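Below: work-v7.cif (mmCIF, C-alpha atoms)
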data_protein
loop_
_atom_site.label_atom_id
_atom_site.label_comp_id
_atom_site.auth_asym_id
_atom_site.auth_seq_id
_atom_site.Cartn_x
_atom_site.Cartn_y
_atom_site.Cartn_z
CA MET U 1 -12.85 50.51 3.10
CA GLU U 2 -15.97 50.05 1.04
CA ALA U 3 -14.15 47.50 -1.13
CA THR U 4 -13.21 45.47 1.96
CA ILE U 5 -16.77 45.46 3.20
CA ALA U 6 -17.97 44.33 -0.22
CA LEU U 7 -15.34 41.56 -0.22
CA VAL U 8 -16.36 40.34 3.23
CA ALA U 9 -19.99 40.38 2.18
CA GLN U 10 -19.12 38.23 -0.81
CA LEU U 11 -17.65 35.50 1.39
CA SER U 12 -20.57 33.13 1.56
CA ALA U 13 -21.08 30.27 3.96
CA ASP U 14 -19.67 27.89 1.34
CA ASP U 15 -16.37 29.74 1.17
CA GLU U 16 -16.07 29.62 4.91
CA LYS U 17 -16.79 25.91 4.88
CA ALA U 18 -14.12 25.30 2.25
CA ALA U 19 -11.58 27.33 4.20
CA ASN U 20 -12.34 25.39 7.38
CA ALA U 21 -12.09 22.12 5.47
CA ALA U 22 -8.65 23.11 4.16
CA ILE U 23 -7.45 23.95 7.68
CA GLY U 24 -8.92 20.71 8.99
CA ALA U 25 -7.22 18.73 6.25
CA GLY U 26 -3.85 20.21 7.11
CA PHE U 27 -4.28 19.38 10.78
CA ALA U 28 -5.58 15.90 9.97
CA TYR U 29 -2.48 14.91 8.07
CA GLY U 30 -0.05 16.70 10.36
CA LEU U 31 -1.45 15.12 13.52
CA ALA U 32 -1.83 11.70 11.90
CA ALA U 33 1.85 11.71 10.97
CA ILE U 34 3.18 12.24 14.52
CA GLY U 35 2.33 8.92 16.11
CA PRO U 36 3.28 6.65 13.20
CA GLY U 37 6.48 8.66 12.73
CA ILE U 38 7.56 7.86 16.27
CA GLY U 39 6.29 4.30 15.91
CA ILE U 40 8.15 3.53 12.68
CA GLY U 41 11.33 5.02 14.07
CA TYR U 42 11.02 2.80 17.11
CA VAL U 43 10.31 -0.33 15.03
CA ALA U 44 13.20 0.28 12.64
CA GLY U 45 15.61 1.22 15.42
CA LYS U 46 14.84 -1.91 17.42
CA ALA U 47 15.13 -4.03 14.28
CA ILE U 48 18.59 -2.61 13.57
CA GLU U 49 19.57 -3.32 17.16
CA ALA U 50 18.40 -6.90 16.78
CA MET U 51 20.18 -7.34 13.45
CA ALA U 52 23.41 -5.93 14.82
CA ARG U 53 23.24 -8.23 17.82
CA GLN U 54 22.37 -11.32 15.82
CA PRO U 55 23.27 -10.95 12.14
CA GLU U 56 22.31 -14.55 11.38
CA ALA U 57 18.68 -13.75 12.24
CA ALA U 58 18.64 -10.69 9.97
CA GLY U 59 16.25 -12.21 7.40
CA MET U 60 13.62 -13.06 9.98
CA VAL U 61 13.97 -9.71 11.72
CA ARG U 62 13.60 -7.87 8.41
CA THR U 63 10.33 -9.65 7.57
CA THR U 64 8.90 -8.91 10.99
CA MET U 65 10.10 -5.31 10.75
CA PHE U 66 8.25 -4.81 7.47
CA LEU U 67 5.13 -6.27 9.05
CA GLY U 68 5.40 -3.92 12.01
CA ILE U 69 6.04 -0.95 9.75
CA ALA U 70 3.05 -1.86 7.59
CA PHE U 71 0.72 -1.94 10.59
CA THR U 72 2.10 1.26 12.08
CA GLU U 73 2.04 3.11 8.79
CA ALA U 74 -1.65 2.39 8.24
CA LEU U 75 -2.62 5.12 10.70
CA ALA U 76 -0.62 7.78 8.86
CA LEU U 77 -2.10 6.63 5.57
CA ILE U 78 -5.64 6.91 6.90
CA GLY U 79 -4.73 10.47 7.85
CA PHE U 80 -3.50 11.04 4.32
CA VAL U 81 -6.76 9.72 2.89
CA VAL U 82 -8.70 12.07 5.15
CA PHE U 83 -6.48 14.89 3.90
CA ILE U 84 -7.31 14.01 0.30
CA LEU U 85 -11.01 13.69 1.05
CA LEU U 86 -11.24 17.00 2.91
CA GLY U 87 -8.69 19.16 1.22
CA LEU U 88 -8.83 18.59 -2.51
CA MET I 89 5.63 34.78 -4.83
CA LEU I 90 4.63 32.04 -7.18
CA GLY I 91 0.97 31.55 -7.82
CA LEU I 92 0.90 27.78 -8.10
CA GLU I 93 -2.21 26.25 -9.60
CA PHE I 94 -2.44 22.72 -8.27
CA PRO I 95 -4.66 20.68 -10.58
CA GLU I 96 -7.91 19.21 -9.30
CA ILE I 97 -7.60 15.75 -7.81
CA ASN I 98 -9.77 14.40 -10.61
CA GLU I 99 -7.34 15.75 -13.17
CA VAL I 100 -4.41 14.09 -11.42
CA ILE I 101 -5.80 10.58 -11.02
CA ARG I 102 -8.47 10.40 -13.68
CA TRP I 103 -7.54 9.65 -17.25
CA VAL I 104 -9.72 10.04 -20.31
CA ASP I 105 -12.02 7.15 -21.06
CA LEU I 106 -10.86 5.27 -24.12
CA PHE I 107 -14.47 4.22 -24.52
CA PRO I 108 -17.22 4.11 -21.89
CA THR I 109 -16.44 1.93 -18.86
CA PHE I 110 -12.86 1.34 -20.06
CA ASN I 111 -10.28 3.93 -19.09
CA LYS I 112 -6.50 3.80 -19.10
CA ILE I 113 -6.37 2.46 -15.54
CA ALA I 114 -8.21 -0.60 -16.77
CA LEU I 115 -5.80 -0.73 -19.69
CA ILE I 116 -2.81 -0.81 -17.30
CA ALA I 117 -4.48 -3.52 -15.20
CA CYS I 118 -5.13 -5.62 -18.33
CA ALA I 119 -1.55 -5.07 -19.52
CA ALA I 120 -0.22 -6.13 -16.12
CA THR I 121 -2.27 -9.32 -16.26
CA ILE I 122 -1.19 -10.15 -19.80
CA ILE I 123 2.51 -9.33 -19.30
CA GLY I 124 2.66 -11.36 -16.09
CA SER I 125 0.86 -14.35 -17.60
CA VAL I 126 2.97 -14.32 -20.78
CA LEU I 127 6.23 -14.14 -18.79
CA PHE I 128 5.30 -17.15 -16.69
CA ILE I 129 3.92 -19.16 -19.62
CA ILE I 130 7.14 -18.63 -21.59
CA ALA I 131 9.19 -19.60 -18.56
CA GLY I 132 7.00 -22.61 -17.89
CA ARG I 133 7.59 -23.96 -21.38
CA ALA I 134 11.34 -23.99 -21.01
CA ASP I 135 12.97 -27.38 -20.56
CA PRO I 136 13.19 -27.96 -16.77
CA LEU I 137 16.09 -30.40 -17.13
CA THR I 138 18.62 -27.98 -18.59
CA ALA I 139 20.08 -25.00 -16.74
CA PRO I 140 17.57 -22.09 -16.64
CA ARG I 141 18.22 -19.23 -19.06
CA GLY I 142 16.71 -15.83 -19.78
CA VAL I 143 13.13 -15.39 -18.63
CA ARG I 144 13.12 -18.63 -16.70
CA ASN I 145 16.02 -17.45 -14.60
CA PHE I 146 14.12 -14.36 -13.54
CA VAL I 147 10.90 -16.26 -12.93
CA GLU I 148 12.65 -18.84 -10.75
CA ILE I 149 14.08 -16.06 -8.61
CA VAL I 150 10.60 -14.59 -8.13
CA VAL I 151 9.06 -17.97 -7.27
CA GLU I 152 11.79 -18.69 -4.74
CA PHE I 153 11.29 -15.25 -3.22
CA ILE I 154 7.55 -15.91 -2.76
CA GLU I 155 8.26 -19.37 -1.37
CA GLY I 156 10.61 -17.75 1.14
CA ILE I 157 7.86 -15.38 2.25
CA ILE I 158 5.40 -18.25 2.64
CA MET I 159 7.84 -20.44 4.56
CA GLU I 160 8.44 -17.60 7.01
CA THR I 161 4.79 -16.80 7.62
CA MET I 162 2.70 -19.93 6.98
CA GLY I 163 5.19 -22.76 7.26
CA LYS I 164 5.30 -25.82 5.04
CA ASP I 165 1.50 -26.25 4.88
CA GLY I 166 1.20 -22.92 3.12
CA LEU I 167 3.30 -23.84 0.09
CA LYS I 168 0.16 -24.79 -1.85
CA TRP I 169 -0.69 -21.06 -1.82
CA THR I 170 2.46 -20.19 -3.80
CA PRO I 171 0.74 -19.70 -7.19
CA HIS I 172 -1.88 -17.48 -5.64
CA MET I 173 0.56 -15.26 -3.75
CA LEU I 174 2.80 -15.18 -6.82
CA SER I 175 -0.04 -13.80 -8.92
CA PHE I 176 -0.86 -11.21 -6.23
CA PHE I 177 2.74 -10.08 -6.12
CA ILE I 178 3.30 -9.92 -9.87
CA PHE I 179 -0.02 -8.20 -10.56
CA ILE I 180 0.44 -5.54 -7.88
CA TYR I 181 4.05 -4.93 -8.84
CA LEU I 182 3.21 -4.53 -12.52
CA CYS I 183 0.32 -2.21 -11.57
CA ASN I 184 2.63 -0.08 -9.40
CA LEU I 185 5.39 0.14 -11.94
CA PRO I 186 3.65 2.44 -14.50
CA GLY I 187 3.72 5.13 -11.80
CA ILE I 188 7.33 5.87 -12.72
CA ILE I 189 7.42 4.85 -16.40
CA PRO I 190 7.60 8.06 -18.46
CA VAL I 191 4.60 8.88 -20.68
CA ILE I 192 2.30 6.55 -18.72
CA TYR I 193 3.03 7.97 -15.22
CA MET I 194 0.05 6.48 -13.45
CA PRO I 195 0.09 3.63 -10.94
CA ALA I 196 -3.08 1.63 -11.50
CA THR I 197 -3.21 0.87 -7.78
CA ALA I 198 -3.61 4.59 -6.99
CA ARG I 199 -7.31 4.17 -7.65
CA MET I 200 -9.26 2.54 -4.85
CA ALA I 201 -10.97 -0.05 -7.08
CA ILE I 202 -8.01 -2.40 -7.60
CA PRO I 203 -6.63 -2.48 -4.02
CA LEU I 204 -10.14 -2.81 -2.62
CA PHE I 205 -10.97 -5.72 -4.88
CA LEU I 206 -7.69 -7.48 -4.06
CA ALA I 207 -8.32 -6.93 -0.34
CA VAL I 208 -11.83 -8.39 -0.65
CA VAL I 209 -10.36 -11.43 -2.40
CA VAL I 210 -7.91 -11.90 0.50
CA TRP I 211 -10.76 -11.41 3.00
CA VAL I 212 -12.90 -14.09 1.36
CA ILE I 213 -9.94 -16.49 1.17
CA TYR I 214 -8.86 -16.23 4.79
CA ASN I 215 -12.39 -16.55 6.11
CA ALA I 216 -13.11 -19.50 3.83
CA VAL I 217 -9.87 -21.21 4.79
CA GLY I 218 -10.59 -20.65 8.46
CA ILE I 219 -14.09 -22.10 8.26
CA LYS I 220 -12.91 -25.02 6.15
CA GLU I 221 -9.96 -25.95 8.37
CA GLN I 222 -11.39 -25.23 11.83
CA LYS I 223 -15.15 -25.45 11.20
CA LEU I 224 -17.07 -23.43 13.83
CA GLY I 225 -14.03 -23.30 16.06
CA TYR I 226 -12.68 -20.64 13.73
CA LEU I 227 -15.24 -18.09 14.87
CA THR I 228 -14.81 -18.67 18.58
CA HIS I 229 -11.04 -18.89 18.23
CA MET I 230 -10.95 -15.68 16.28
CA LEU I 231 -13.14 -13.78 18.74
CA TRP I 232 -11.56 -15.10 21.93
CA PRO I 233 -7.88 -15.99 21.85
CA PRO I 234 -7.12 -18.80 24.30
CA GLY I 235 -6.69 -17.71 27.90
CA VAL I 236 -9.08 -14.76 27.99
CA PRO I 237 -10.88 -14.47 31.34
CA VAL I 238 -14.65 -14.88 31.14
CA PHE I 239 -15.57 -11.37 32.31
CA MET I 240 -13.42 -9.86 29.55
CA LYS I 241 -15.01 -11.93 26.78
CA PRO I 242 -17.62 -9.42 25.57
CA LEU I 243 -15.07 -6.61 25.25
CA VAL I 244 -12.30 -8.73 23.69
CA GLY I 245 -14.82 -10.36 21.35
CA LEU I 246 -16.01 -7.01 20.09
CA ILE I 247 -12.48 -5.65 19.57
CA GLU I 248 -11.28 -8.81 17.84
CA PHE I 249 -14.36 -8.91 15.62
CA VAL I 250 -13.90 -5.33 14.48
CA SER I 251 -10.17 -5.70 13.93
CA ASN I 252 -10.26 -9.11 12.22
CA ILE I 253 -13.37 -8.82 10.10
CA LEU I 254 -13.83 -5.13 9.38
CA LEU I 255 -10.47 -3.39 9.73
CA ARG I 256 -8.15 -5.98 8.20
CA PRO I 257 -9.38 -5.78 4.59
CA PHE I 258 -9.94 -2.03 4.90
CA ALA I 259 -6.42 -1.40 6.17
CA LEU I 260 -4.97 -3.75 3.56
CA ALA I 261 -6.65 -1.82 0.75
CA ILE I 262 -5.93 1.62 2.20
CA ARG I 263 -2.25 0.78 2.71
CA LEU I 264 -1.65 -0.05 -0.93
CA PHE I 265 -3.90 2.68 -2.29
CA ALA I 266 -2.65 5.52 -0.12
CA ASN I 267 1.01 4.66 -0.55
CA MET I 268 0.76 4.70 -4.32
CA LEU I 269 -1.45 7.80 -4.37
CA ALA I 270 0.93 9.65 -2.04
CA GLY I 271 3.88 8.84 -4.27
CA HIS I 272 1.94 9.95 -7.31
CA MET I 273 0.94 13.23 -5.65
CA LEU I 274 4.56 13.89 -4.67
CA LEU I 275 5.68 13.39 -8.26
CA VAL I 276 2.93 15.70 -9.49
CA THR I 277 3.80 18.37 -6.90
CA PHE I 278 7.49 18.51 -7.73
CA ALA I 279 6.89 18.28 -11.47
CA ILE I 280 4.54 21.28 -11.27
CA LEU I 281 7.00 23.19 -9.09
CA THR I 282 9.84 22.56 -11.54
CA GLU I 283 7.74 23.55 -14.51
CA GLU I 284 6.47 26.74 -12.89
CA LEU I 285 9.98 27.81 -11.87
CA VAL I 286 11.45 27.15 -15.31
CA GLY I 287 8.56 28.93 -16.98
CA SER I 288 8.69 31.92 -14.63
CA GLY I 289 11.13 33.73 -16.97
CA ASN I 290 13.07 34.93 -13.94
CA VAL I 291 16.80 34.13 -13.75
CA PHE I 292 16.59 33.47 -10.04
CA GLY I 293 13.58 31.22 -10.55
CA ILE I 294 15.27 29.21 -13.29
CA GLY I 295 18.36 28.77 -11.13
CA LEU I 296 16.22 27.66 -8.21
CA SER I 297 14.32 25.13 -10.34
CA ILE I 298 17.21 22.69 -10.05
CA LEU I 299 16.17 21.93 -6.44
CA PRO I 300 12.66 20.57 -7.13
CA PHE I 301 14.07 18.83 -10.20
CA PHE I 302 16.57 16.87 -8.11
CA MET I 303 13.81 16.12 -5.62
CA LEU I 304 11.71 14.83 -8.52
CA MET I 305 14.49 12.49 -9.60
CA PHE I 306 15.06 11.34 -6.04
CA ILE I 307 11.35 10.61 -5.56
CA THR I 308 11.22 8.74 -8.84
CA ALA I 309 14.02 6.50 -7.61
CA PHE I 310 12.24 6.18 -4.26
CA GLU I 311 9.03 5.14 -6.01
CA VAL I 312 10.86 2.19 -7.60
CA LEU I 313 11.50 0.98 -4.07
CA VAL I 314 8.00 1.81 -2.82
CA GLY I 315 6.32 0.00 -5.71
CA PHE I 316 8.25 -3.16 -4.88
CA LEU I 317 7.82 -2.76 -1.13
CA GLN I 318 4.05 -2.34 -1.31
CA ALA I 319 3.65 -5.42 -3.49
CA TYR I 320 5.84 -7.30 -0.99
CA ILE I 321 3.90 -6.03 2.03
CA PHE I 322 0.53 -6.84 0.49
CA THR I 323 1.71 -10.38 -0.28
CA ILE I 324 3.23 -10.91 3.15
CA LEU I 325 0.09 -9.64 4.92
CA ALA I 326 -2.11 -11.88 2.79
CA CYS I 327 0.15 -14.78 3.84
CA VAL I 328 -0.06 -13.81 7.51
CA PHE I 329 -3.86 -13.56 7.42
CA ILE I 330 -4.29 -16.90 5.68
CA GLY I 331 -1.69 -18.47 7.96
CA SER I 332 -3.52 -17.23 11.05
CA SER I 333 -6.73 -18.87 9.81
CA MET I 334 -4.92 -22.12 9.14
CA ALA I 335 -3.44 -22.51 12.63
CA THR I 336 -5.62 -24.98 14.51
CA HIS I 337 -6.74 -24.69 18.09
CA ASP I 338 -4.61 -27.55 19.36
CA GLU I 339 -1.35 -26.21 17.97
CA HIS I 340 -2.10 -22.89 19.55
CA ALA I 341 -2.83 -24.45 22.93
CA GLU I 342 0.50 -26.31 22.80
CA ALA I 343 2.36 -23.12 22.03
CA HIS I 344 1.06 -21.48 25.19
#
Output the structure of this file as structure tokens.
Amino acid sequence: MEATIALVAQLSADDEKAANAAIGAGFAYGLAAIGPGIGIGYVAGKAIEAMARQPEAAGMVRTTMFLGIAFTEALALIGFVVFILLGL
Amino acid sequence: MLGLEFPEINEVIRWVDLFPTFNKIALIACAATIIGSVLFIIAGRADPLTAPRGVRNFVEIVVEFIEGIIMETMGKDGLKWTPHMLSFFIFIYLCNLPGIIPVIYMPATARMAIPLFLAVVVWVIYNAVGIKEQKLGYLTHMLWPPGVPVFMKPLVGLIEFVSNILLRPFALAIRLFANMLAGHMLLVTFAILTEELVGSGNVFGIGLSILPFFMLMFITAFEVLVGFLQAYIFTILACVFIGSSMATHDEHAEAH
């Protein structure tokens, strides 16, 4: 019992801040991945639909798909950067 | 339970300085520049009248690939940008590649400096091209796309300004940087996991270590793809940005 009290007393404000930052970092990346995950799935799925319907336009569709994925992905990557900044 | 010690972020992405102000990241960047230049100089010296062989074959494929990207995004007017986009692509690809080469294992683009500088170069180019080709019309055209009602102009102008001037280069740099850093961190994570399990001295642990090892190999193969894809995406976005500055007002009005 005394040991626990001593341990709790040792936890300074800095430790608490670091723990909160680690929790925040986990949430930041997890939440940032949801939207872009749905978005990229939608982009890729629609691109496959388009390619299957019109195989001769596959090259053009693929370029546009990569563009769409790049823009969608940026949000997840910003979340990842926040995760790195907060958590490590 | 395994007590995994994940190394500090500085240990993962920072290499020892060879001498002050010149670390191994800079070495990789210099090597990428030199290798790329030498490849293209050798290929350029080959006789253009005979059938291409060796290096020239490879280089012609790359040039045609870049020309294909430019034709799709900028049209025929953009072909004069081929050398520039080619150097972007080759430099970024050769900077990404060391991320999976054993012994080196560090993508130079996983440090913010190189992507940020490349993005600033693209930013300067597309603004300069826009001002040169469309004079002052570039600014108004950029802030207010044709057909915006007058009462919406302040709001649309603000959004377009932030997205075109501030966010574009930032997102361009972050995209390349974060993708390469994420891949690097994944490799580090699974390498550490494998090493800890093998070194645990526990039969169960050693048997289990095959799982992160296969994941490590899979991610290494995946990084080959990602390194290429990020160079491709950076090039194609640079083309799109420059192409959007080149489009004149009149063409746009006709399209509507």
_Can you work out which residues from chain I touch chain U at a cut-off of 10 Å (counting all atoms listed in the file) and hand them back as number ranges by chain?_
I: 94-98, 157, 160-161, 258-267, 269-270, 317-318, 320-322, 324-325, 328
*For this file, the PyMOL selection byres ((chain I and resi 187) around 12) selects which residues, as a PyMOL selection string?*
chain I and resi 101+113+116+180-186+188-199+267-276+307-316
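Remark: for Ala33 in chain U, the closest of the candidate residues U:Ser12, U:Thr72, U:Lys46, U:Ala57 is U:Thr72 (distances computed over all atoms listed in the file).
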*Any idea what's packed within 12 Å of Glu155 in chain I, counting all atoms listed in the file, ignoring anything in its chain fewer than 6 positions away? Could you give it as number ranges by chain?*
I: 148-149, 161-174, 177, 323-324, 327
_Just to confirm, what's the straight-line distance from CA of Met334 in chain I to CA of Ile247 in chain I in Å (one decimal)?_
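Between these atoms lies a distance of 20.9 Å.
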*Could you work out how far CA of Gly124 in chain I lies from CA of Phe179 in chain I, giving the answer in Å with one decimal?*
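Between these atoms lies a distance of 6.9 Å.
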_Residues matched by the PyMOL selection byres ((chain I and resi 228) around 12), written as a PyMOL selection string_ = chain I and resi 218-219+222-227+229-234+236+241-242+244-246+248-249+333+336-337
*Could you list the residues chosen by the PyMOL selection byres ((chain I and resi 278) around 10) in this structure as a PyMOL selection string?*
chain I and resi 273-277+279-284+297+299-305+307
Just-selected residues, C-alpha atoms written as a CSV table (one decimal), in the coordinates of the input:
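Result file follows (out22.csv):
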chain,number,residue,atom,x,y,z
I,273,MET,CA,0.9,13.2,-5.6
I,274,LEU,CA,4.6,13.9,-4.7
I,275,LEU,CA,5.7,13.4,-8.3
I,276,VAL,CA,2.9,15.7,-9.5
I,277,THR,CA,3.8,18.4,-6.9
I,279,ALA,CA,6.9,18.3,-11.5
I,280,ILE,CA,4.5,21.3,-11.3
I,281,LEU,CA,7.0,23.2,-9.1
I,282,THR,CA,9.8,22.6,-11.5
I,283,GLU,CA,7.7,23.6,-14.5
I,284,GLU,CA,6.5,26.7,-12.9
I,297,SER,CA,14.3,25.1,-10.3
I,299,LEU,CA,16.2,21.9,-6.4
I,300,PRO,CA,12.7,20.6,-7.1
I,301,PHE,CA,14.1,18.8,-10.2
I,302,PHE,CA,16.6,16.9,-8.1
I,303,MET,CA,13.8,16.1,-5.6
I,304,LEU,CA,11.7,14.8,-8.5
I,305,MET,CA,14.5,12.5,-9.6
I,307,ILE,CA,11.4,10.6,-5.6
_So that I can see what lies close to Ile130 in chain I, please list as a PyMOL selection string the residues with an atom at most 12 Å from it, counting only C-alpha atoms and leaving out residues fewer than 6 positions away in the same chain._
chain I and resi 123-124+141-147
*Which value, in Å to one decimal, gives the distance between CA of Trp103 in chain I and CA of Leu115 in chain I?*
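These two atoms are separated by 10.8 Å.
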*Which is closer to Ala114 in chain I than all the others in I:Ile294, I:Ala319, I:Met240, I:Ile202, using all atoms listed in the file?*
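Nearest to Ala114 in chain I: I:Ile202.
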Neighbouring residues of Leu86 in chain U were defined as those with any atom within 9 Å, considering all atoms listed in the file; residues of the same chain fewer than 2 positions away were excluded. Please report them as a CSV table (one decimal) with C-alpha atoms, keeping the file's coordinate frame.
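This is the output file out_28.csv:
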chain,number,residue,atom,x,y,z
U,18,ALA,CA,-14.1,25.3,2.2
U,21,ALA,CA,-12.1,22.1,5.5
U,22,ALA,CA,-8.6,23.1,4.2
U,24,GLY,CA,-8.9,20.7,9.0
U,25,ALA,CA,-7.2,18.7,6.2
U,81,VAL,CA,-6.8,9.7,2.9
U,82,VAL,CA,-8.7,12.1,5.2
U,83,PHE,CA,-6.5,14.9,3.9
U,84,ILE,CA,-7.3,14.0,0.3
U,88,LEU,CA,-8.8,18.6,-2.5
*Taking all atoms listed in the file into account, which of U:Ala19, U:Asp14, U:Arg62, U:Phe27 comes nearest Gly45 in chain U?*
U:Arg62
_Near-Ala44 in chain U list (8 Å; all atoms listed in the file; drop same-chain fewer than 3 positions) as a ChimeraX atom specification_ = /U:40-41,47-48,65,69
Fix up range 212-228 of chain I with N, CA and C atoms, then write it as a compact mmCIF listing (two decimals), keeping the file's coordinate frame.
# COMPACT_ATOMS: atom_id res chain seq x y z
N VAL I 212 -12.10 -12.90 1.62
CA VAL I 212 -12.90 -14.09 1.36
C VAL I 212 -12.05 -15.34 1.56
N ILE I 213 -10.79 -15.31 1.06
CA ILE I 213 -9.94 -16.49 1.17
C ILE I 213 -9.67 -16.83 2.62
N TYR I 214 -9.27 -15.82 3.44
CA TYR I 214 -8.86 -16.23 4.79
C TYR I 214 -10.04 -16.64 5.64
N ASN I 215 -11.22 -16.07 5.38
CA ASN I 215 -12.39 -16.55 6.11
C ASN I 215 -12.78 -17.94 5.66
N ALA I 216 -12.73 -18.18 4.34
CA ALA I 216 -13.11 -19.50 3.83
C ALA I 216 -12.16 -20.56 4.33
N VAL I 217 -10.86 -20.24 4.31
CA VAL I 217 -9.87 -21.21 4.79
C VAL I 217 -10.10 -21.51 6.27
N GLY I 218 -10.36 -20.45 7.03
CA GLY I 218 -10.59 -20.65 8.46
C GLY I 218 -11.79 -21.55 8.73
N ILE I 219 -12.89 -21.31 8.02
CA ILE I 219 -14.09 -22.10 8.26
C ILE I 219 -13.89 -23.53 7.77
N LYS I 220 -13.14 -23.68 6.69
CA LYS I 220 -12.91 -25.02 6.15
C LYS I 220 -12.00 -25.83 7.08
N GLU I 221 -10.95 -25.20 7.59
CA GLU I 221 -9.96 -25.95 8.37
C GLU I 221 -10.38 -26.15 9.83
N GLN I 222 -11.08 -25.14 10.40
CA GLN I 222 -11.39 -25.23 11.83
C GLN I 222 -12.88 -25.32 12.10
N LYS I 223 -13.69 -25.41 11.05
CA LYS I 223 -15.15 -25.45 11.20
C LYS I 223 -15.63 -24.27 12.08
N LEU I 224 -16.54 -24.54 13.03
CA LEU I 224 -17.07 -23.43 13.83
C LEU I 224 -16.05 -22.91 14.83
N GLY I 225 -15.06 -23.73 15.12
CA GLY I 225 -14.03 -23.30 16.06
C GLY I 225 -13.33 -22.04 15.59
N TYR I 226 -13.34 -21.83 14.27
CA TYR I 226 -12.68 -20.64 13.73
C TYR I 226 -13.26 -19.37 14.32
N LEU I 227 -14.60 -19.32 14.39
CA LEU I 227 -15.24 -18.09 14.87
C LEU I 227 -14.92 -17.82 16.34
N THR I 228 -15.07 -18.87 17.15
CA THR I 228 -14.81 -18.67 18.58
C THR I 228 -13.34 -18.38 18.81
